[in-house]
file upload.cif (mmCIF, C-alpha atoms)
data_final
loop_
_atom_site.group_PDB
_atom_site.id
_atom_site.type_symbol
_atom_site.label_atom_id
_atom_site.label_comp_id
_atom_site.auth_asym_id
_atom_site.auth_seq_id
_atom_site.Cartn_x
_atom_site.Cartn_y
_atom_site.Cartn_z
ATOM 1 C CA MET E 8 50.092 -99.358 -40.132
ATOM 2 C CA GLN E 9 50.965 -97.194 -37.096
ATOM 3 C CA GLU E 10 53.695 -95.418 -39.069
ATOM 4 C CA GLU E 11 51.342 -94.703 -41.989
ATOM 5 C CA THR E 12 48.686 -93.240 -39.670
ATOM 6 C CA SER E 13 51.205 -90.919 -38.022
ATOM 7 C CA LYS E 14 52.019 -89.411 -41.431
ATOM 8 C CA LYS E 15 48.403 -88.418 -41.990
ATOM 9 C CA HIS E 16 47.906 -84.638 -41.972
ATOM 10 C CA VAL E 17 44.923 -82.852 -40.464
ATOM 11 C CA TRP E 18 43.988 -81.378 -43.846
ATOM 12 C CA ASP E 19 44.537 -84.650 -45.673
ATOM 13 C CA LYS E 20 41.488 -86.327 -44.176
ATOM 14 C CA VAL E 21 41.741 -89.646 -46.012
ATOM 15 C CA ASN E 22 45.315 -89.595 -47.365
ATOM 16 C CA ASN E 23 43.986 -90.272 -50.882
ATOM 17 C CA TRP E 24 45.613 -87.331 -52.613
ATOM 18 C CA GLN E 25 49.404 -87.614 -52.084
ATOM 19 C CA THR E 26 50.218 -87.627 -55.823
ATOM 20 C CA GLU E 27 47.872 -84.747 -56.604
ATOM 21 C CA LEU E 28 49.105 -82.652 -53.669
ATOM 22 C CA ALA E 29 52.679 -83.289 -54.807
ATOM 23 C CA LEU E 30 51.717 -81.842 -58.220
ATOM 24 C CA LEU E 31 50.331 -78.734 -56.515
ATOM 25 C CA ARG E 32 53.508 -78.406 -54.416
ATOM 26 C CA ASP E 33 55.605 -78.558 -57.612
ATOM 27 C CA ILE E 34 53.565 -75.710 -59.102
ATOM 28 C CA ILE E 35 53.741 -73.643 -55.898
ATOM 29 C CA ALA E 36 57.519 -74.169 -55.799
ATOM 30 C CA LYS E 37 57.719 -71.982 -58.926
ATOM 31 C CA THR E 38 56.464 -69.013 -56.908
ATOM 32 C CA PRO E 39 58.120 -66.950 -54.139
ATOM 33 C CA LEU E 40 55.811 -68.486 -51.514
ATOM 34 C CA VAL E 41 57.385 -70.137 -48.465
ATOM 35 C CA ALA E 42 56.052 -73.490 -47.200
ATOM 36 C CA ASN E 43 54.948 -73.756 -43.560
ATOM 37 C CA THR E 44 52.895 -76.070 -41.413
ATOM 38 C CA LYS E 45 50.078 -74.294 -39.603
ATOM 39 C CA TRP E 46 47.007 -75.746 -37.953
ATOM 40 C CA GLY E 47 48.207 -79.187 -39.019
ATOM 41 C CA GLY E 48 48.145 -78.302 -42.707
ATOM 42 C CA GLU E 49 50.351 -76.965 -45.467
ATOM 43 C CA VAL E 50 50.236 -73.181 -45.661
ATOM 44 C CA PHE E 51 52.314 -71.034 -48.003
ATOM 45 C CA THR E 52 53.193 -67.485 -47.014
ATOM 46 C CA TYR E 53 54.413 -64.370 -48.754
ATOM 47 C CA GLU E 54 56.601 -62.199 -46.507
ATOM 48 C CA GLY E 55 55.111 -63.948 -43.476
ATOM 49 C CA LYS E 56 51.486 -63.476 -44.559
ATOM 50 C CA ASN E 57 49.272 -66.535 -45.045
ATOM 51 C CA THR E 58 48.544 -66.585 -48.771
ATOM 52 C CA ILE E 59 47.439 -70.087 -49.784
ATOM 53 C CA GLY E 60 47.081 -73.566 -48.342
ATOM 54 C CA ILE E 61 46.604 -77.016 -49.817
ATOM 55 C CA GLY E 62 44.973 -80.157 -48.523
ATOM 56 C CA GLY E 63 43.050 -83.292 -49.297
ATOM 57 C CA PHE E 64 39.531 -84.106 -48.208
ATOM 58 C CA LYS E 65 37.290 -87.096 -48.727
ATOM 59 C CA ASN E 66 36.023 -86.237 -52.223
ATOM 60 C CA TYR E 67 38.465 -83.582 -53.414
ATOM 61 C CA PHE E 68 41.792 -81.871 -52.884
ATOM 62 C CA THR E 69 42.079 -78.125 -52.790
ATOM 63 C CA ILE E 70 44.046 -74.918 -52.847
ATOM 64 C CA TRP E 71 42.573 -72.299 -50.572
ATOM 65 C CA PHE E 72 43.335 -68.615 -50.864
ATOM 66 C CA PHE E 73 43.252 -66.821 -47.536
ATOM 67 C CA ASN E 74 42.185 -63.558 -49.201
ATOM 68 C CA GLY E 75 40.426 -65.251 -52.102
ATOM 69 C CA VAL E 76 37.499 -62.860 -51.890
ATOM 70 C CA PHE E 77 39.722 -60.336 -53.708
ATOM 71 C CA LEU E 78 40.648 -62.617 -56.613
ATOM 72 C CA ASN E 79 39.064 -61.907 -60.002
ATOM 73 C CA ASP E 80 38.196 -65.617 -60.437
ATOM 74 C CA ASP E 81 38.213 -65.465 -64.234
ATOM 75 C CA GLN E 82 37.822 -69.269 -64.391
ATOM 76 C CA ASN E 83 34.841 -69.185 -61.987
ATOM 77 C CA VAL E 84 36.387 -71.957 -59.866
ATOM 78 C CA LEU E 85 36.445 -70.495 -56.364
ATOM 79 C CA VAL E 86 33.911 -71.464 -53.703
ATOM 80 C CA ASN E 87 33.218 -70.293 -50.180
ATOM 81 C CA ALA E 88 33.554 -73.485 -48.140
ATOM 82 C CA GLN E 89 31.277 -72.243 -45.353
ATOM 83 C CA GLU E 90 28.826 -69.711 -46.684
ATOM 84 C CA GLY E 91 27.877 -67.197 -44.013
ATOM 85 C CA VAL E 92 30.855 -68.192 -41.833
ATOM 86 C CA THR E 93 33.954 -67.765 -43.974
ATOM 87 C CA LYS E 94 34.443 -64.168 -45.008
ATOM 88 C CA SER E 95 37.574 -63.939 -47.163
ATOM 89 C CA LEU E 96 38.869 -67.482 -47.687
ATOM 90 C CA ARG E 97 38.029 -69.187 -51.002
ATOM 91 C CA GLN E 98 38.756 -72.729 -52.191
ATOM 92 C CA TRP E 99 39.593 -74.119 -55.601
ATOM 93 C CA ARG E 100 38.512 -77.750 -55.485
ATOM 94 C CA PHE E 101 39.937 -80.468 -57.718
ATOM 95 C CA TYR E 102 38.496 -83.936 -58.178
ATOM 96 C CA SER E 103 41.319 -85.452 -60.235
ATOM 97 C CA ALA E 104 44.895 -84.751 -61.303
ATOM 98 C CA ALA E 105 43.602 -84.118 -64.829
ATOM 99 C CA ALA E 106 41.836 -80.976 -63.539
ATOM 100 C CA ILE E 107 45.144 -79.357 -62.550
ATOM 101 C CA ASP E 108 45.871 -76.471 -64.931
ATOM 102 C CA GLU E 109 49.329 -75.172 -64.018
ATOM 103 C CA LYS E 110 49.049 -71.938 -65.995
ATOM 104 C CA ALA E 111 45.689 -71.041 -64.414
ATOM 105 C CA ILE E 112 46.857 -71.980 -60.920
ATOM 106 C CA LEU E 113 49.989 -69.850 -61.261
ATOM 107 C CA SER E 114 47.841 -66.959 -62.471
ATOM 108 C CA TYR E 115 45.628 -67.171 -59.373
ATOM 109 C CA ILE E 116 48.650 -67.496 -57.079
ATOM 110 C CA ASP E 117 50.344 -64.493 -58.727
ATOM 111 C CA GLU E 118 47.212 -62.425 -58.201
ATOM 112 C CA ALA E 119 47.032 -63.579 -54.551
ATOM 113 C CA ILE E 120 50.653 -62.507 -54.058
ATOM 114 C CA GLU E 121 49.931 -59.109 -55.623
ATOM 115 C CA ASN E 122 47.004 -58.695 -53.234
ATOM 116 C CA GLU E 123 49.327 -59.480 -50.314
ATOM 117 C CA LYS E 124 51.869 -56.957 -51.591
ATOM 118 C CA SER E 125 49.201 -54.267 -51.786
ATOM 119 C CA GLY E 126 47.938 -55.128 -48.298
ATOM 120 C CA ARG E 127 44.367 -55.946 -49.323
ATOM 121 C CA LYS E 128 42.460 -57.317 -46.354
ATOM 122 C CA LEU E 129 38.812 -57.777 -45.568
ATOM 123 C CA VAL E 130 37.985 -55.622 -42.571
ATOM 124 C CA SER E 131 35.229 -57.216 -40.557
ATOM 125 C CA ALA E 132 32.612 -55.134 -38.848
ATOM 126 C CA LYS E 133 33.148 -54.654 -35.141
ATOM 127 C CA LYS E 134 30.961 -56.871 -33.023
ATOM 128 C CA GLN E 135 28.481 -55.051 -30.873
ATOM 129 C CA THR E 136 28.332 -56.023 -27.226
ATOM 130 C CA ILE E 137 24.754 -56.645 -26.103
ATOM 131 C CA ILE E 138 24.126 -56.931 -22.383
ATOM 132 C CA SER E 139 21.089 -58.947 -21.342
ATOM 133 C CA ASP E 140 18.702 -57.774 -18.628
ATOM 134 C CA PHE E 141 19.962 -60.510 -16.305
ATOM 135 C CA PHE E 142 23.583 -59.419 -16.643
ATOM 136 C CA GLN E 143 22.734 -55.714 -16.492
ATOM 137 C CA ASN E 144 20.861 -56.281 -13.223
ATOM 138 C CA GLU E 145 23.964 -57.960 -11.770
ATOM 139 C CA LEU E 146 26.135 -55.029 -12.925
ATOM 140 C CA ASN E 147 23.731 -52.542 -11.342
ATOM 141 C CA ARG E 148 23.711 -54.523 -8.081
ATOM 142 C CA ASN E 149 27.473 -54.558 -7.479
ATOM 143 C CA LEU E 150 29.702 -51.585 -8.308
ATOM 144 C CA GLU E 151 32.936 -53.544 -7.726
ATOM 145 C CA PHE E 152 31.743 -56.242 -10.160
ATOM 146 C CA LYS E 153 30.675 -53.596 -12.698
ATOM 147 C CA ASN E 154 34.104 -51.912 -12.531
ATOM 148 C CA GLY E 155 35.848 -55.267 -12.968
ATOM 149 C CA PHE E 156 33.686 -56.130 -15.968
ATOM 150 C CA GLU E 157 34.275 -52.735 -17.612
ATOM 151 C CA LYS E 158 38.066 -53.196 -17.293
ATOM 152 C CA LEU E 159 37.907 -56.350 -19.454
ATOM 153 C CA THR E 160 38.514 -56.151 -23.188
ATOM 154 C CA PRO E 161 35.358 -56.134 -25.353
ATOM 155 C CA GLY E 162 36.193 -59.659 -26.516
ATOM 156 C CA LYS E 163 36.405 -60.982 -22.958
ATOM 157 C CA GLN E 164 33.196 -59.180 -22.067
ATOM 158 C CA ARG E 165 31.404 -60.864 -24.998
ATOM 159 C CA GLU E 166 32.726 -64.290 -23.922
ATOM 160 C CA TYR E 167 31.179 -63.859 -20.480
ATOM 161 C CA LEU E 168 27.916 -62.470 -21.824
ATOM 162 C CA GLU E 169 27.569 -65.352 -24.264
ATOM 163 C CA TYR E 170 28.403 -67.873 -21.529
ATOM 164 C CA ILE E 171 25.551 -66.543 -19.408
ATOM 165 C CA ASP E 172 23.027 -65.781 -22.151
ATOM 166 C CA THR E 173 23.265 -69.134 -23.975
ATOM 167 C CA THR E 174 21.455 -70.817 -21.093
ATOM 168 C CA LYS E 175 17.687 -71.078 -20.978
ATOM 169 C CA ARG E 176 17.063 -71.840 -17.326
ATOM 170 C CA GLU E 177 17.313 -69.079 -14.737
ATOM 171 C CA GLU E 178 18.957 -71.495 -12.277
ATOM 172 C CA THR E 179 21.748 -72.193 -14.766
ATOM 173 C CA LYS E 180 22.282 -68.464 -15.388
ATOM 174 C CA ILE E 181 22.641 -67.907 -11.636
ATOM 175 C CA SER E 182 24.982 -70.892 -11.244
ATOM 176 C CA ARG E 183 27.170 -69.746 -14.121
ATOM 177 C CA PHE E 184 27.178 -66.185 -12.854
ATOM 178 C CA GLU E 185 28.412 -67.295 -9.431
ATOM 179 C CA LYS E 186 31.181 -69.256 -11.158
ATOM 180 C CA ILE E 187 32.417 -66.330 -13.300
ATOM 181 C CA LYS E 188 32.036 -63.519 -10.769
ATOM 182 C CA PRO E 189 35.407 -64.160 -9.016
ATOM 183 C CA MET E 190 37.147 -64.514 -12.384
ATOM 184 C CA ILE E 191 35.840 -61.119 -13.538
ATOM 185 C CA LEU E 192 36.885 -59.513 -10.243
ATOM 186 C CA LEU E 193 40.410 -60.883 -10.874
ATOM 187 C CA GLY E 194 40.424 -59.440 -14.414
ATOM 188 C CA MET E 195 40.487 -62.881 -16.025
ATOM 189 C CA GLY E 196 38.850 -63.829 -19.289
ATOM 190 C CA LEU E 197 36.537 -66.834 -19.408
ATOM 191 C CA ASN E 198 39.098 -68.945 -21.269
ATOM 192 C CA ASP E 199 42.320 -67.515 -19.777
ATOM 193 C CA ARG E 200 42.975 -70.594 -17.673
ATOM 194 C CA TYR E 201 43.180 -72.747 -20.821
ATOM 195 C CA GLN E 202 45.848 -70.647 -22.522
#
call {"tool": "encode", "arguments": {"input": "upload.cif", "output": "structure tokens"}}
result
Amino acid sequence: MQEETSKKHVWDKVNNWQTELALLRDIIAKTPLVANTKWGGEVFTYEGKNTIGIGGFKNYFTIWFFNGVFLNDDQNVLVNAQEGVTKSLRQWRFYSAAAIDEKAILSYIDEAIENEKSGRKLVSAKKQTIISDFFQNELNRNLEFKNGFEKLTPGKQREYLEYIDTTKREETKISRFEKIKPMILLGMGLNDRYQ
């Protein structure tokens, strides 16, 4: 049993779909995509660019297209797995081996490859950094701290602002601020120590 559990993949949540995923792999093998393991799952790349992935879940197995938002979806089979969160990735869910249509799958994969060749990418809007009154007061109070904060990348600045502003109690804001102040003065990001 231990050996069987160790073969379980992150994206194959219940290990129910080995036969079906093997069928998808056979179809994908007819394309120029290269198989990789990323994030614990099977990802297929074109010239190093993530193009599709496959995996099994509790009630279905799937092919996901990393830039699926650009596919024509003539069969009307693609879904956004996390509406409002996922921007460009789209899934094609299958509930049985009988639903696998090789010709249609190859057509979608070919279109995905063409999109990769042409460099189509969804460009996300830049996040705006909003500084709360609490944090702004601290910046105004200490020029050295303000200079240190301004030297951080916008992403690191947002991490700190979110860390402070997600608290409701003033005491917690103050406690967190005291904790991050030396890190900012050293030019560290909030999560740098974990990398």
call {"tool": "closest_residue", "arguments": {"input": "upload.cif", "among": "E:Leu78, E:Ala29, E:Ile138, E:Val84", "to": "Arg100 of chain E", "atoms": "all atoms listed in the file"}}
result
E:Val84
call {"tool": "resolve_selection", "arguments": {"input": "upload.cif", "expression": "the PyMOL selection byres ((chain E and resi 34-51) around 10)", "output": "ChimeraX atom specification"}}
result
/E:15-19,28-33,52-63,70-73,107-110,112-113,116-117,120
call {"tool": "write_last_selection", "arguments": {"input": "upload.cif", "atoms": "C-alpha atoms", "output": "mmCIF file, in the frame of the given file"}}
result
data_model
loop_
_atom_site.group_PDB
_atom_site.id
_atom_site.type_symbol
_atom_site.label_atom_id
_atom_site.label_comp_id
_atom_site.auth_asym_id
_atom_site.auth_seq_id
_atom_site.Cartn_x
_atom_site.Cartn_y
_atom_site.Cartn_z
ATOM 1 C CA LYS E 15 48.403 -88.418 -41.990
ATOM 2 C CA HIS E 16 47.906 -84.638 -41.972
ATOM 3 C CA VAL E 17 44.923 -82.852 -40.464
ATOM 4 C CA TRP E 18 43.988 -81.378 -43.846
ATOM 5 C CA ASP E 19 44.537 -84.650 -45.673
ATOM 6 C CA LEU E 28 49.105 -82.652 -53.669
ATOM 7 C CA ALA E 29 52.679 -83.289 -54.807
ATOM 8 C CA LEU E 30 51.717 -81.842 -58.220
ATOM 9 C CA LEU E 31 50.331 -78.734 -56.515
ATOM 10 C CA ARG E 32 53.508 -78.406 -54.416
ATOM 11 C CA ASP E 33 55.605 -78.558 -57.612
ATOM 12 C CA THR E 52 53.193 -67.485 -47.014
ATOM 13 C CA TYR E 53 54.413 -64.370 -48.754
ATOM 14 C CA GLU E 54 56.601 -62.199 -46.507
ATOM 15 C CA GLY E 55 55.111 -63.948 -43.476
ATOM 16 C CA LYS E 56 51.486 -63.476 -44.559
ATOM 17 C CA ASN E 57 49.272 -66.535 -45.045
ATOM 18 C CA THR E 58 48.544 -66.585 -48.771
ATOM 19 C CA ILE E 59 47.439 -70.087 -49.784
ATOM 20 C CA GLY E 60 47.081 -73.566 -48.342
ATOM 21 C CA ILE E 61 46.604 -77.016 -49.817
ATOM 22 C CA GLY E 62 44.973 -80.157 -48.523
ATOM 23 C CA GLY E 63 43.050 -83.292 -49.297
ATOM 24 C CA ILE E 70 44.046 -74.918 -52.847
ATOM 25 C CA TRP E 71 42.573 -72.299 -50.572
ATOM 26 C CA PHE E 72 43.335 -68.615 -50.864
ATOM 27 C CA PHE E 73 43.252 -66.821 -47.536
ATOM 28 C CA ILE E 107 45.144 -79.357 -62.550
ATOM 29 C CA ASP E 108 45.871 -76.471 -64.931
ATOM 30 C CA GLU E 109 49.329 -75.172 -64.018
ATOM 31 C CA LYS E 110 49.049 -71.938 -65.995
ATOM 32 C CA ILE E 112 46.857 -71.980 -60.920
ATOM 33 C CA LEU E 113 49.989 -69.850 -61.261
ATOM 34 C CA ILE E 116 48.650 -67.496 -57.079
ATOM 35 C CA ASP E 117 50.344 -64.493 -58.727
ATOM 36 C CA ILE E 120 50.653 -62.507 -54.058
#
call {"tool": "resolve_selection", "arguments": {"input": "upload.cif", "expression": "the PyMOL selection byres ((chain E and resi 192) around 9)", "output": "VMD selection string"}}
result
chain E and resid 151 to 156 187 to 191 193 to 195
call {"tool": "atom_distance", "arguments": {"input": "upload.cif", "atom1": "atom CA of Glu118 of chain E", "atom2": "atom CA of Asp80 of chain E"}}
result
9.8 Å
call {"tool": "closest_residue", "arguments": {"input": "upload.cif", "among": "E:Lys175, E:Ser139, E:Tyr67, E:Lys163", "to": "Tyr102 of chain E", "atoms": "only C-alpha atoms"}}
result
E:Tyr67
call {"tool": "atom_distance", "arguments": {"input": "upload.cif", "atom1": "atom CA of Glu27 of chain E", "atom2": "atom CA of Ala106 of chain E"}}
result
9.9 Å
